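Enquirer: Handing you this structure, nothing more for now.
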Amino acid sequence: MPKVSMTVNGKPVTGDVEARTLLVQFLRENLRLTGTHVGCDTSQCGACVIHLDGIAAKSCTLLALQCEGAKITTIEGLAEPGGPLHPMQEAFRENHGLQCGYCTPGMIMAALDIVRRKGNDLDEHTIREQLDGNICRCTGYHNIVKAIAAGAKAMAKGGARQAAE
Amino acid sequence: MSATGIGAAVRRKEDFRFVTGSGQYTDDVVRPGETRAVFVRSPHARAKIKSIDTGAAKKMPGVLAVLTGADLANDKIGNLICGWMIHSKDGSPMKMAPHPALASGTVNHVGDAVAVVVGETLAAARDAAEKVKVDYEVLSAVTDPAKAKSGPQIHDVAPKNTIYEWSLGDAKAVEAAFAAAKHVTRLDIINNRLVPNAIEPRAALAEYDAGTDQLTLWNTTQNPHVSRLVIAAFVGMAPEHKLRVIAPDVGGGFGSKIFIYPEEVVCLWASRKVRRPVKWVAERAESFVTDAHGRDHITHAELALDAHGKILALRARTIANLGAYMSTFSSSVPTYLYGTLLSGQYDIPSIYCEVDAVYTNTVPVDAYRGAGRPEATFVVERLVEVAAREMGLEPAEIRKRNFIKSFPHQTPVIMAYDAGDYHASLKKALELADVKGFNKRRRDAARRGKLRGMGFSTYIEACGLAPSQAVGSLGGGVGLWESAEVRVNPTGSVEVLTGSHAHGQGHETTFAQVVSERLGIPIENVSIVHGDTDKVQFGMGTYGSRSGAVGMTAVVKALDKIEAKAKKVAAHVLEASEGDIEFKDGKFTVAGTDKSAAWGDIALNAYIAHKFSGQELEPGLKETSFYDPTNFTFPAGCHICEVEVDVDTGKTEVVNWTAVDDFGTVINPMIVEGQVHGGIAQGVGQALLEGAIYDKDGQLVTGSLMDYTMPRAHDLPSFHVGLTETKCPSNPLGIKGCGEAGAIAAPAAVINAITDAIGTENLAMPATANAVWTALQSAKPRQAA
């Protein structure tokens, strides 16, 4: 089986994978990072969004082997264990931006990418348009939109570190 | 009100694990030696299985077993069942056809499971599944419920594919009322078929321990005990005490995870055969053709009114599509959860409803968020709105003239509404939505080339399911009480074991708020335990907006017993008579003295038992309650939707949404508002975007998220949510329930708004741009006033 190496949440990792192994399978099954979820298999729902070299990507649509040498950040890499939550994680909690929690890791990773591209002062229309790649069935998006606006502001204010790319 | 008690917008205790990616959903659980199951599914809507050749598949590398319906029958694994008996008008029982977990002889819908492959890895199982050769003789199929009775007969037990022909109400009284009516409004309504699409696909992981002959199932279920009961008692997989069902974190349900499905049965059976844990996780395409769908009604509805717009009678004739097999609670949805709500918020003297439930070669249909009540609300609220337009009345005015004003109110369709104030929610909604300013907004929209419309939906639902005796008398095979056990630890912290189950609703927070308020202890000192039949006493689970009204009430009843016992302990500790002990804010005091003991002291004393004789008073502090409600609860409210329709494209934008709901007591307003938001989104999805479409051969055309349109963030506005409150008199907390309201209210509000904008009632859901544009071509848009 081919070998693949990459940096995940700041740590170098290596694994033997079948060529057809998806990045999301490598993360979930080989590395046991189960915060990244699979909701649709067709790149529609965004539950599997991670950051690939600092840019949001759907890990159900990448082969693990495509990510050779890449830097990957998953939801587990946003906050230090035992440390404070990332401001975007905190904003989702504070604004009730989640219910069942299944789409949440992908939402948060996508939200950080919106901040990267559009800045920290986000209006409702921008957030709604930019969230096109993520589906939530529980919240009706109302509180997710609020959470992303608040999280983006908090990231600017607190001198918060961006996702540890 | 304390910062963490009843009524406080406490931030959720469960969120830390979800925002950090450390939730544990079924697919996140891994057992040593775990194998993967992949199902071979029918590509045909209806076919005879002439033969299945598993030889090549069994020879594939990494394959542990390939099993078929014949193996299932050999092992005497029983069929799946529908647990609610409905009788037809003529008294005959519903026609429940056999539903084996793997097809036997025939397949009856695309996606019907034919065989299962168990492999060392998912890839190995998938590769082998492709080698299973099934020789089908394709038969003609029927998918349209309107044509079911004349279509090819699907099951031997059901001539004309008819499951039951049910009726409710007084046909003769209704006929007389229609004969005397000054005005009759008639509508033909299709309540479109929906796919629930919880974002976590269904999954099952089964493990057999040969040493103890014990089976364990991790499963995406809303009701682990019900699942265990059905799999033990009806499917006959194992005795109930030898089967443990665990529902870990569950990623949304909306009804679709109530039911007992073939896949968990097969995983359990296969794990015993291969002596290894067996996991199955649905791909989304599999979810589309196996998760129970929702709605799918065809209705002709009529409303009789007098000259002043007072409703005299309502009549509805409905065909309900239940799909290829009767799912777990399917029979109850278009009957006792539908016909009984046709009175809406209105004082209607006579109602008559006929429902024919039919088999078709489609995925089984069962409860989906609201379950019957959205269909009833759509019928009633479309009729009322159209009647107002036909009679030249304002939509608020016709409602006011017909609202029920005094309670209790007995409707002609079983339900006895206990409390409500429909004028109050309408009035508040009219203000919040600035209905007075609507004509100006309509004129402004016209200048931008947009048609603006406004639609009302003053809905009612019956929740808090349900008094067990009533359920039994209506054919239900279960009781719908709920259980709670409150365990006080020696250090004073509390564990609540509830039979309810959360899959997004936030019970770990709201149930803890109830305990925190009652015992005066910090919310951090309360844990809510659910979703494991080995830990929790039998419980009925979460659906029908029942967890607050029924589940929390069970907690309150157990807390009553805890307080009574703790007072006995306190009497010994404080050397006072039991009658003089008072308990408030976490402190026990002796009336008229300054003697007191803290909650923690009494908890400890209950366990060390040094201050009282163990013969006189049992040590320990743990109590259980099984609470059976005395009535349904009746949440109600008023939703007002404003839309703008693009004249050139037909595209509809929801530009304003006002919801004013009466849920009785609200434990956590933040969570309640979140439930309302989510419900509205699903209702708007039904009205504008979603619809499961079968072609004439029975292929599901909308079989993926690329074809089936789910509401996304830019399809929806932010919502204005308000509350009014009349307490529910039938439970001590006064809770009515909030989980389904939005999905029940929303579709009628949207369609009422669009038809107001475009000036024709001839518009079916989903009102896509194409559908609205087409309707516009034959319509005369109302001019801005």
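Each chain of the structure tokens is named A, B, ... in the order shown, its residues numbered from 1; ligands are numbered from 1 in display order.
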Please identify all polymer residues within 8 Å of segment 151-156 of chain A, counting only C-alpha atoms, omitting same-chain residues fewer than 6 positions from it, and present them as a list of chain:residue names.
Expert: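 The filter keeps A:Pro87, A:Met88, A:Gln89, A:Glu90, A:Ala91, A:Phe92, A:Leu112, A:Val115, A:Gly119, A:Asn120, A:Asp121, A:Leu122, A:Gln162.
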Enquirer: Quick one: which residues from chain B are at most 7 Å off chain A, using only C-alpha atoms, as a PyMOL selection string?
Expert: chain B and resi 11+15+18-22+28+198-201+250-252+283-284+503-505+674+677-678+681+705-706+712-714+718
Enquirer: Enumerate the residues of segment 324-406 of chain B with a DSSP assignment of strand (DSSP E), computed from the backbone, and present them as a PyMOL selection string.
Expert: chain B and resi 350-358
Enquirer: Restrict the selected residues to N, CA and C atoms and save them as a JSON list (two decimals), in the first residue's frame.
Expert:
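out.json was written with the following content:
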[["chain", "number", "residue", "atom", "x", "y", "z"],
["B", 350, "SER", "N", -68.88, 21.03, 12.69],
["B", 350, "SER", "CA", -68.85, 19.67, 12.14],
["B", 350, "SER", "C", -67.65, 19.49, 11.22],
["B", 351, "ILE", "N", -67.02, 18.34, 11.36],
["B", 351, "ILE", "CA", -65.87, 18.01, 10.51],
["B", 351, "ILE", "C", -65.99, 16.55, 10.11],
["B", 352, "TYR", "N", -65.68, 16.29, 8.85],
["B", 352, "TYR", "CA", -65.64, 14.90, 8.41],
["B", 352, "TYR", "C", -64.41, 14.70, 7.53],
["B", 353, "CYS", "N", -63.72, 13.60, 7.78],
["B", 353, "CYS", "CA", -62.47, 13.36, 7.09],
["B", 353, "CYS", "C", -62.40, 11.88, 6.71],
["B", 354, "GLU", "N", -62.01, 11.63, 5.46],
["B", 354, "GLU", "CA", -61.78, 10.26, 5.01],
["B", 354, "GLU", "C", -60.34, 10.14, 4.55],
["B", 355, "VAL", "N", -59.68, 9.08, 4.98],
["B", 355, "VAL", "CA", -58.30, 8.87, 4.56],
["B", 355, "VAL", "C", -58.14, 7.45, 4.04],
["B", 356, "ASP", "N", -57.69, 7.34, 2.81],
["B", 356, "ASP", "CA", -57.32, 6.04, 2.25],
["B", 356, "ASP", "C", -55.80, 5.95, 2.23],
["B", 357, "ALA", "N", -55.27, 4.97, 2.94],
["B", 357, "ALA", "CA", -53.81, 4.77, 2.93],
["B", 357, "ALA", "C", -53.48, 3.67, 1.93],
["B", 358, "VAL", "N", -52.47, 3.94, 1.10],
["B", 358, "VAL", "CA", -52.16, 2.99, 0.02],
["B", 358, "VAL", "C", -50.68, 2.61, 0.01]]
Enquirer: Going by DSSP on the backbone, which bits of segment 79-152 of chain B are helix (DSSP H, G or I)? Write them as a list in words, please.
Expert: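 Filtering segment 79-152 of chain B to helix (DSSP H, G or I) leaves Leu122, Ala123, Ala124, Ala125, Arg126, Asp127, Ala128, Ala129, Pro145, Ala146, Lys147, Ala148, Lys149 and Ser150 of chain B.
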Enquirer: What separation in Å, quoted to one decimal, exists between atom CA of Arg276 of chain B and atom CA of Ala56 of chain B?
Expert: 22.3 Å
Enquirer: What's around segment 57-65 of chain A at 6 Å? Count only C-alpha atoms, leave out sequence neighbours fewer than 2 positions away in its own chain, and write the answer as a ChimeraX atom specification.
Expert: /A:4,21-24,48-51,67-68
